[in-house]
Structures are given as structure tokens and as C-alpha cells.
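Remarks on the structure that follows.
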Amino acid sequence: MAVTLTESAARHVQRSLEKRGHGEGLRLGVRTSGCSGMAYVLEYADQAAPEDTVFESHGVKVLVDKKSLVYLDGTVLDYTREGLNEGFRFKNPNEKETCGCGESFSV
Amino acid sequence: MALWQISEPGQSPLPHAPRLAAGIDLGTTNSLIATVRGGAVTVLPDAAGAVLLPSVVRFEATGRVTVGRAAQEAEIKDPLNTIASVKRLMGRGRADVHNSPYRLAAGDAGTVRIITDGGVKTPAEVSAEVLKVLKARAEETLGGALTGVVITVPAYFDEAQRQATKDAARLAGLPVLRLLNEPTAAAVAYGLDRNPEGLYCVYDLGGGTFDVSLLRLSQGVFEVLATGGDALLGGDDMDAAVVALWEARGAHAESPEDTRALLRKARTAREALTTATRVTVDLAPLYQGELSRADLDQAIDPLIDRTLAACRRVLKDAQAKVADIGAVVLVGGATRTPRVRERVAAFFRREPLHDIDPDQVVAVGAARQADLLVGNTGAADMLLLDVLPLSLGIEIMGGLVEKIIPRNSPIPASRAQEFTTYKDGQTALAIHVVQGERDLVADCRSLARFELRGIPPMVAGAARIRVTFQVDADGLLNVTARETTSGVASEVTVKPSFGLSESDIERMLAESVASAGADAAARTLREQQVEADRMVEAVQAALKTDPQLLAPGEGEMIAAHIASVQAARAGTDPQAIRSAVGALDRASAAFAARRMDAGLAKAMKGRAVTEFR
């Protein structure tokens, strides 16, 4: 079971954490809501909880709670630029369908 | 597929939750905030139903801060602590401001500070108080924190004034999506993007600033072709003109309070004359009389003349004619004055658009833009381009300016140009970034200096240094210099200490036109001087390296020519320098040829002819 970051995603997280001044790493998760069942959570992590699994990817700590990990196993988080917009993209092999806008998904 | 951003713990956005965005018109006289709800723009009123928030802030000794109408009411009894029209001080130096009714001081780098009983304030701090009130109004109405705001600024605001506006937003805790030129916002509000392709003009006469912009619409994209304006001109000046008229008729102000009372009466009289043709003025004992619309028209006509002169200049800048313009948009409360509409219509030979409230139109456009930028409106199918008010360039040899991005270029913009080294073995290059229209650095405004170091030693002219200017959507400038063979690079982001006023920009533009001839002559002279220096340096270096190749008497002859070049260089006649340099060139030609032969002989010695095929 693993969740990884691409190099560019890790670089960006590292930079964002430095700018923010504090934080253990990155928290990835899912929660139920949205038009297609699930929505991603992408947040700064200030401390690990007992139910967290901690991965390390290109020097960045990635925290995922056990419930979310089921839906996120194998996910690669990338950082890309699209025109003037840039941001993170989830590449999740468990994802079966996403809603039109891509803000929520189902497995 | 959506792109994600990292959120603070527990604050990941819900899918499809609309992001709250607002547009703010931070005006000289009044400010307002608008947002898009259910596809329509609403200008948000306060609890009392008023949408206009007077941009007036009062700082009391107790630390109490009042904003808006309440502060405005205290203006007469507490004039020194009640700050109005602070927008005119944004990003300005203490030395730029004359005749202020407030107690001013100089802060860091000469920036202006306002002394109040509630403390010493920067213009950004005063503006932030106005923004805080608007922010609270929006968050209360919308029931959540704002994701981002678009704040409008006059087209003529320079980098320092834009930065001061951003600082004000930061102090108020507002995330700024971008700053938008006021006329550009007005065009969005009128949905001119759905109009036929062509030229559109925005005439914005507000309380304190006048802007005119010429927009070109092609394939659904707006480009601002040219912007212009008139320094410190607006409804406030109309009030002053009316007061001047009253004073000519016997009104007499004894104190600043009297002047303010007269100015306020002038404003209400002027506003009343939008519908009435005659009003009675009773401000005993200061003044009693009547004001007719004809009186008002006569008082303000010289001010309108100034705005139309600016319109003419903008048309000329864009090489456009009145007949090319598809529509004219009126913005700003002062355009309600019938005389303004009448004369604008006569100038452009068409009835200007004025059906959206001219006080609200800028905020409406800003709200549309904000909604688009936070991603509530599907695809970003509208692209707005702003323009640079003054040219940006760098200093080259001889104190001359090489323009990299010409004025009125659409921004965001990125331009690059290659430069090279001037001397053999030169390993560093000083880059001086300047703003302005003149040919000599001394006549332009210095923005920044930085150095590119670590250039590998090469002969003069062999290094290839690429200087790139990038101006972002907010008009902030980033300059990078990169030596392309070695890859060494250096950069600077321009955060000017304080800025130019609109009147300075106007003055600089006027001077560049007035002194075009003198500038050209100065440029020719400097170019010849640089050429003379280069030539003398090269010949002296050659004399030092290869004295054995000189024919008898040749050294003295060349030295005499060097002396005459130096004498001519000290003068101001470019022709004299040119002929002296030519003479030195001819005098040293034989010596140069011998050096060339000697160099070749040395290179070829002991090698087979076949090697040179």
C-alpha cells in the first residue's frame, strides 16, 4: 500500500511548507460528499494522528488515514500547469468515474 | 479534471461549493463592493441600504476609528483627523504632496505619512480601514469568507501605487486576485465583449481622477490600445470651481471649516443641478445666492476642456479617429452632470452609454472579473489586457536608454533583447532598469539596478547577454539577465520605494514630446562619444602590445590624432568627433594592417598549406 508524489509535486509541497513556516507534511484523504460520491482532501499536516499511515516521497512526509488509504492506494499526486492555472492532480487507479468537473469521484 | 491546491487542516473546500468573490471599487470619494450571485451582479448595500461608502476615515485620540458617512459627518468639526481622498496619497512621496489639508510627515524612503490623534498612518493603512468595512459587509451578506477580490485602480497608477493598494488589501485581510484598471472593469460591466468588433472608449470622470481608455475588441478579446488621463481632475475640482465662482460673488471663507462647508454645499448644488436648472444657496453668513445651470456650465467648462484634450491625445496615441469608435462608456459620478454628457457626445459625435449607474459600473465589472478568476464561471473565456503607462528599458553605454517594452504595450508582457560586453575580458555587467519616454537615462525614472556577474572573459562583443523584462497582470516588473553561452543569470523584481503621480506621468509624456529634437541630438552626441572612447581605447591597447611594429614617427603621429579625438570628445559637436575618429582610424590603418599580418604569420608559421583549406 502506498501513495506517492511526483518530483514536481514534492518540490511544490516543500516550497509551500517553507512559505507557511510550519507543518509536518502533507495530508491526503477522501471524504464522502460531492456529486459523484467522494471528494479529495489535500491539506497541510501539523501532526500525525494514531490512525495515520506515513509515507515518505522525495523527502516529503505524506500522511493518510487508514480509511482513506483504501481509496487512495496507488495514487500518484502530480503538480501540473494548465494554461494560466496550476495545481495538484490526483492520479488514482481506484477512481472509476469522476463528475464532469473532476471535483469528486467514485470507486 | 480539476486542479487542487493545498488547504489548511480541516479547511478543504467542499466540491461545488461556490467560491465567494467580490469586486471592489476603491474610489477617491466613494468605495463600493459588488458580487455575482446567481449569475447577476449585486452591489452590496450596508445595513441602512446605502451602497456607496464614503472613502473617509476618522482616527480619534481614543483609538476609535470611524469609516464612511459617520466619519464624513465629523469632517467639519474634526478636519485634521478625518482623512478623505486618501487615494491621492497612495504610493506617493512626501515631497510629491503639496497643499494637503492634513498634517503630513515623511516616513521610510520619503513616503508620505498622515499624522492623526489616533496615530501616524500610512495611506495604505487608511485605505485598509475602508476595505475592512467593505469586507465585513460582504462577509455578512454572503455568509462566508471571501476567497478573493478584484480591486480596481486608475489606469495611470504606477507600480508603487499599485503596490500600496495591494498593501492596503493585505492589511484588511483580503486576498487580492488581481488589480484591474477601472476603465477596463467598466467595459466588462457593459458586456461590450458581446458587441461588434471595433474600438470602444471609456470616459471616467470620478471624484478625484480622470481616465480615458481606448479598447479594441477583436474575436471576443479586449485589448486596451491606449490609456490617458488628466492629473488630479474630477468632481472635487468642479466643487472647487463652483466655490471659486461664489468667492468671486462675495463669499468669504475664514477657516478650513468654512472652505469645507462651501465645498460640500457646492457638491449638493451641483448634484441638484443634474435635474433642476436653478438652485438657491443659503449658507449664511458665508454666502447667499443662486446657482443656475448656465453658471455651473461656465464654471466647469475649462475642466471638461482638459478631459477632452486627454481624449484627443489617446486617440492620437492609438492612431485612431473619432469616427472609428463604436461606443463611448461613461463612468464616475461626475458624468451625471448634463454638461459633461453633452460635450462628450459632441466630441465623439455619438450619445455615450450611461444606463448602468456610473458610480457602480466599475465595481460591477470588477465583480464579474473576480467571479471569473475564482473559477465560478466555467471556462475563462474572457481575456482582459491592460497596458503599460510608460516605457520600460535599460541604460546602455553613454547614459542612453534602450527601450525594451514600449509604453501602451498590453500586459502581461514579456520581451527580451540581447546585449553584449563593451570591453575585452569584461566579466560583469551592471543593469539599470529605467521607466520613461526620454532618450537619456538622466531624464527617466530609475527603477532598479542589479549586476550580472561571472561572465566568462571574452573579447568585447562576444558575450551574448539576454535581458528579459516580464510585467505581470498587476503591472509589477521582473527583469532577468542571462549570459547565454555560460548560463550565468541574475534577476531583480522591482518594488519601487514610491511612485510617480499621474501628474508626473503626464509631465514626463509632455516633456518627451517637447524635447524630441533635443533628445535626438543628445543621443547622437553620446553615441559619437562612446565610439570615440572605444576607438581610443583599442588603439592605445594596440600601441602598448605591439610597439615594435610602429614605423619611425608613426607612434607620435597616432598619438597626435588620439589627442585631437579627445579634444573633440570634450566638445559637443558630434560631427567634429566623427571626423576626428575617422582621421584616427585612417592614421592607424597601416599599423593595424601590420599587426594583422604579424598575427596571421604567427598563426600560420610551421603549418602546412593544406591545413588552411
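For the C-alpha cells, the naming scheme is as follows: chains receive sequential letters (A, B, ...) according to their order of presentation, residues are indexed from 1 within each chain, and ligands are indexed from 1 in presentation order.
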
Quick one: residues within 10 Å of A:Asn92, only C-alpha atoms counted, chain neighbours fewer than 5 positions away excluded, as a PyMOL selection string? chain A and resi 3+71-77+105+107

Output file for the residues above (C-alpha atoms, as a PDB file, in the first residue's frame):
```pdb
ATOM      1  CA  VAL A   3       0.768   6.835  -2.002  1.00  0.00           C
ATOM      2  CA  TYR A  71      -9.480   4.531  -1.748  1.00  0.00           C
ATOM      3  CA  LEU A  72      -6.111   6.138  -2.337  1.00  0.00           C
ATOM      4  CA  ASP A  73      -3.768   3.131  -2.590  1.00  0.00           C
ATOM      5  CA  GLY A  74      -1.540   3.535  -5.631  1.00  0.00           C
ATOM      6  CA  THR A  75      -2.369   7.194  -6.068  1.00  0.00           C
ATOM      7  CA  VAL A  76       0.276   9.434  -7.517  1.00  0.00           C
ATOM      8  CA  LEU A  77      -0.051  13.134  -6.784  1.00  0.00           C
ATOM      9  CA  PHE A 105     -15.162  10.803  -7.888  1.00  0.00           C
ATOM     10  CA  VAL A 107     -14.654   3.946  -6.882  1.00  0.00           C
TER      11      VAL A 107
END
```

Determine, counting only C-alpha atoms, which protein, DNA and RNA residues have an atom within 7 Å of an atom of A:Arg31; residues of the same chain fewer than 6 positions away are not included. Present the result as a ChimeraX atom specification. /A:38-40

Take the residues just selected and output them with N, CA and C atoms as an mmCIF file, in the first residue's frame.
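Generated output (part-v9.cif):
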```
data_model
loop_
_atom_site.group_PDB
_atom_site.id
_atom_site.type_symbol
_atom_site.label_atom_id
_atom_site.label_comp_id
_atom_site.auth_asym_id
_atom_site.auth_seq_id
_atom_site.Cartn_x
_atom_site.Cartn_y
_atom_site.Cartn_z
ATOM 1 N N MET A 38 -17.346 10.810 -3.679
ATOM 2 C CA MET A 38 -16.179 11.062 -2.840
ATOM 3 C C MET A 38 -15.519 12.370 -3.248
ATOM 4 N N ALA A 39 -14.872 12.975 -2.264
ATOM 5 C CA ALA A 39 -14.102 14.173 -2.594
ATOM 6 C C ALA A 39 -12.724 14.038 -1.968
ATOM 7 N N TYR A 40 -11.720 14.561 -2.640
ATOM 8 C CA TYR A 40 -10.363 14.505 -2.103
ATOM 9 C C TYR A 40 -10.151 15.579 -1.042
#
```

Which residue gives the smallest distance to chain B among A:Arg27, A:His58, A:Lys96, A:His22, with only C-alpha atoms counted?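 Closest residue, counting only C-alpha atoms: A:Arg27.
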
Could you give me, as a PyMOL selection string, each residue of chain A that DSSP assigns to alpha helix (DSSP H) when run on this structure's backbone? chain A and resi 7-20+66-72

Dump as a PDB file, in the first residue's frame, selection limited to N, CA and C atoms:
```pdb
ATOM      1  N   GLU A   7       8.102  14.189  -8.480  1.00  0.00           N
ATOM      2  CA  GLU A   7       9.142  15.099  -8.036  1.00  0.00           C
ATOM      3  C   GLU A   7       8.642  16.541  -7.997  1.00  0.00           C
ATOM      4  N   SER A   8       7.884  16.918  -9.035  1.00  0.00           N
ATOM      5  CA  SER A   8       7.438  18.320  -9.085  1.00  0.00           C
ATOM      6  C   SER A   8       6.419  18.599  -7.979  1.00  0.00           C
ATOM      7  N   ALA A   9       5.577  17.603  -7.667  1.00  0.00           N
ATOM      8  CA  ALA A   9       4.616  17.788  -6.575  1.00  0.00           C
ATOM      9  C   ALA A   9       5.366  17.952  -5.262  1.00  0.00           C
ATOM     10  N   ALA A  10       6.382  17.101  -5.047  1.00  0.00           N
ATOM     11  CA  ALA A  10       7.144  17.162  -3.797  1.00  0.00           C
ATOM     12  C   ALA A  10       7.844  18.513  -3.658  1.00  0.00           C
ATOM     13  N   ARG A  11       8.397  18.972  -4.788  1.00  0.00           N
ATOM     14  CA  ARG A  11       9.091  20.256  -4.748  1.00  0.00           C
ATOM     15  C   ARG A  11       8.131  21.368  -4.336  1.00  0.00           C
ATOM     16  N   HIS A  12       6.947  21.307  -4.923  1.00  0.00           N
ATOM     17  CA  HIS A  12       5.981  22.359  -4.630  1.00  0.00           C
ATOM     18  C   HIS A  12       5.501  22.299  -3.180  1.00  0.00           C
ATOM     19  N   VAL A  13       5.283  21.078  -2.667  1.00  0.00           N
ATOM     20  CA  VAL A  13       4.846  20.930  -1.276  1.00  0.00           C
ATOM     21  C   VAL A  13       5.927  21.490  -0.348  1.00  0.00           C
ATOM     22  N   GLN A  14       7.176  21.101  -0.651  1.00  0.00           N
ATOM     23  CA  GLN A  14       8.302  21.564   0.155  1.00  0.00           C
ATOM     24  C   GLN A  14       8.326  23.093   0.219  1.00  0.00           C
ATOM     25  N   ARG A  15       8.175  23.703  -0.957  1.00  0.00           N
ATOM     26  CA  ARG A  15       8.201  25.159  -1.030  1.00  0.00           C
ATOM     27  C   ARG A  15       7.040  25.780  -0.253  1.00  0.00           C
ATOM     28  N   SER A  16       5.850  25.181  -0.428  1.00  0.00           N
ATOM     29  CA  SER A  16       4.665  25.717   0.255  1.00  0.00           C
ATOM     30  C   SER A  16       4.824  25.615   1.761  1.00  0.00           C
ATOM     31  N   LEU A  17       5.404  24.481   2.216  1.00  0.00           N
ATOM     32  CA  LEU A  17       5.597  24.303   3.660  1.00  0.00           C
ATOM     33  C   LEU A  17       6.580  25.344   4.190  1.00  0.00           C
ATOM     34  N   GLU A  18       7.624  25.584   3.427  1.00  0.00           N
ATOM     35  CA  GLU A  18       8.603  26.584   3.861  1.00  0.00           C
ATOM     36  C   GLU A  18       7.959  27.960   3.969  1.00  0.00           C
ATOM     37  N   LYS A  19       7.133  28.274   2.989  1.00  0.00           N
ATOM     38  CA  LYS A  19       6.478  29.566   2.992  1.00  0.00           C
ATOM     39  C   LYS A  19       5.522  29.693   4.174  1.00  0.00           C
ATOM     40  N   ARG A  20       4.855  28.569   4.501  1.00  0.00           N
ATOM     41  CA  ARG A  20       3.882  28.575   5.582  1.00  0.00           C
ATOM     42  C   ARG A  20       4.595  28.675   6.922  1.00  0.00           C
ATOM     43  N   LYS A  66      -6.221   5.584   7.723  1.00  0.00           N
ATOM     44  CA  LYS A  66      -6.409   4.210   7.219  1.00  0.00           C
ATOM     45  C   LYS A  66      -7.657   4.072   6.363  1.00  0.00           C
ATOM     46  N   LYS A  67      -8.694   4.767   6.737  1.00  0.00           N
ATOM     47  CA  LYS A  67      -9.942   4.672   5.971  1.00  0.00           C
ATOM     48  C   LYS A  67      -9.750   5.213   4.547  1.00  0.00           C
ATOM     49  N   SER A  68      -9.042   6.335   4.465  1.00  0.00           N
ATOM     50  CA  SER A  68      -8.835   6.953   3.152  1.00  0.00           C
ATOM     51  C   SER A  68      -7.906   6.110   2.293  1.00  0.00           C
ATOM     52  N   LEU A  69      -6.946   5.453   2.956  1.00  0.00           N
ATOM     53  CA  LEU A  69      -5.917   4.728   2.215  1.00  0.00           C
ATOM     54  C   LEU A  69      -6.534   3.677   1.285  1.00  0.00           C
ATOM     55  N   VAL A  70      -7.650   3.088   1.712  1.00  0.00           N
ATOM     56  CA  VAL A  70      -8.342   2.089   0.896  1.00  0.00           C
ATOM     57  C   VAL A  70      -8.667   2.668  -0.492  1.00  0.00           C
ATOM     58  N   TYR A  71      -9.080   3.920  -0.478  1.00  0.00           N
ATOM     59  CA  TYR A  71      -9.480   4.531  -1.748  1.00  0.00           C
ATOM     60  C   TYR A  71      -8.316   5.171  -2.496  1.00  0.00           C
ATOM     61  N   LEU A  72      -7.216   5.379  -1.746  1.00  0.00           N
ATOM     62  CA  LEU A  72      -6.111   6.138  -2.337  1.00  0.00           C
ATOM     63  C   LEU A  72      -4.903   5.276  -2.715  1.00  0.00           C
TER      64      LEU A  72
END
```

Which residues are near stretch 455-468 of chain B? Cut-off 7 Å, only C-alpha atoms, ignore same chain within fewer than 4 positions. Put them as a ChimeraX atom specification. /B:414-428,479-485,488

Suppose you want the space between atom CA of B:Ile562 and atom CA of B:Leu400; what is it in Å? 24.4 Å

All strand (DSSP E) residues (DSSP, backbone) inside stretch 120-165 of chain B, as number ranges by chain: B: 120-121, 148-153

Give the answer as one residue: which of B:Glu342, B:Asp546, B:Val133, B:Val281 has the shortest atom-to-atom distance to B:Val65, using only C-alpha atoms?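 Going through B:Glu342, B:Asp546, B:Val133, B:Val281 one by one, the smallest distance to B:Val65 is for B:Val133.
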
Mind checking which residues fall within 10 Å of A:Thr80, counting only C-alpha atoms, ignoring those fewer than 6 positions away in the same chain, and posting them as an MDAnalysis selection string? (chainID A and resid 8:9 86:89) or (chainID B and resid 3:4)

Could the residues in this selection be written to a file with N, CA and C atoms, as a tab-separated table (two decimals), in the first residue's frame?
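Printed below is result-v2.tsv as written:
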```tsv
chain	number	residue	atom	x	y	z
A	8	SER	N	7.88	16.92	-9.03
A	8	SER	CA	7.44	18.32	-9.09
A	8	SER	C	6.42	18.60	-7.98
A	9	ALA	N	5.58	17.60	-7.67
A	9	ALA	CA	4.62	17.79	-6.57
A	9	ALA	C	5.37	17.95	-5.26
A	86	GLU	N	-2.40	26.53	-12.29
A	86	GLU	CA	-1.56	25.40	-11.92
A	86	GLU	C	-2.02	24.83	-10.61
A	87	GLY	N	-1.74	23.54	-10.40
A	87	GLY	CA	-2.19	22.93	-9.16
A	87	GLY	C	-1.88	21.44	-9.15
A	88	PHE	N	-2.37	20.77	-8.09
A	88	PHE	CA	-2.11	19.35	-7.94
A	88	PHE	C	-3.16	18.53	-8.67
A	89	ARG	N	-2.74	17.34	-9.13
A	89	ARG	CA	-3.68	16.45	-9.79
A	89	ARG	C	-3.53	15.06	-9.17
B	3	LEU	N	-7.81	20.92	-10.85
B	3	LEU	CA	-6.50	21.00	-10.21
B	3	LEU	C	-6.72	21.42	-8.76
B	4	TRP	N	-5.92	20.87	-7.88
B	4	TRP	CA	-6.12	21.08	-6.44
B	4	TRP	C	-5.04	21.95	-5.85
```

Rounded to one decimal place, report the atom CA of B:Asn195-atom CA of B:Thr152 distance in Å.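 Separation between atom CA of B:Asn195 and atom CA of B:Thr152: 23.1 Å.
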
What's the 8 Å shell around stretch 44-56 of chain A, counting only C-alpha atoms, without same-chain residues fewer than 5 positions away, as a JSON list (two decimals) with C-alpha atoms, in the first residue's frame?
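What follows is the written file selection.json:
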```
[["chain", "number", "residue", "atom", "x", "y", "z"],
["A", 2, "ALA", "CA", 1.49, 3.29, -0.98],
["A", 3, "VAL", "CA", 0.77, 6.84, -2.00],
["A", 4, "THR", "CA", 3.48, 8.80, -3.78],
["A", 17, "LEU", "CA", 5.60, 24.30, 3.66],
["A", 22, "HIS", "CA", 5.45, 25.18, 9.96],
["A", 23, "GLY", "CA", 3.89, 21.79, 9.30],
["A", 24, "GLU", "CA", 4.91, 18.13, 9.34],
["A", 25, "GLY", "CA", 3.96, 17.33, 5.79],
["A", 26, "LEU", "CA", 1.01, 16.77, 3.56],
["A", 27, "ARG", "CA", -2.28, 15.10, 4.39],
["A", 61, "LYS", "CA", 6.03, 13.22, 4.57],
["A", 62, "VAL", "CA", 2.62, 12.16, 3.30],
["A", 63, "LEU", "CA", 0.01, 11.31, 5.93],
["A", 64, "VAL", "CA", -3.03, 9.23, 5.02],
["A", 65, "ASP", "CA", -5.60, 7.93, 7.47],
["A", 66, "LYS", "CA", -6.41, 4.21, 7.22],
["B", 6, "ILE", "CA", -3.25, 22.58, -0.51],
["B", 7, "SER", "CA", -5.65, 23.77, 2.20],
["B", 8, "GLU", "CA", -5.14, 24.47, 5.87],
["B", 9, "PRO", "CA", -6.03, 21.48, 8.10]]
```
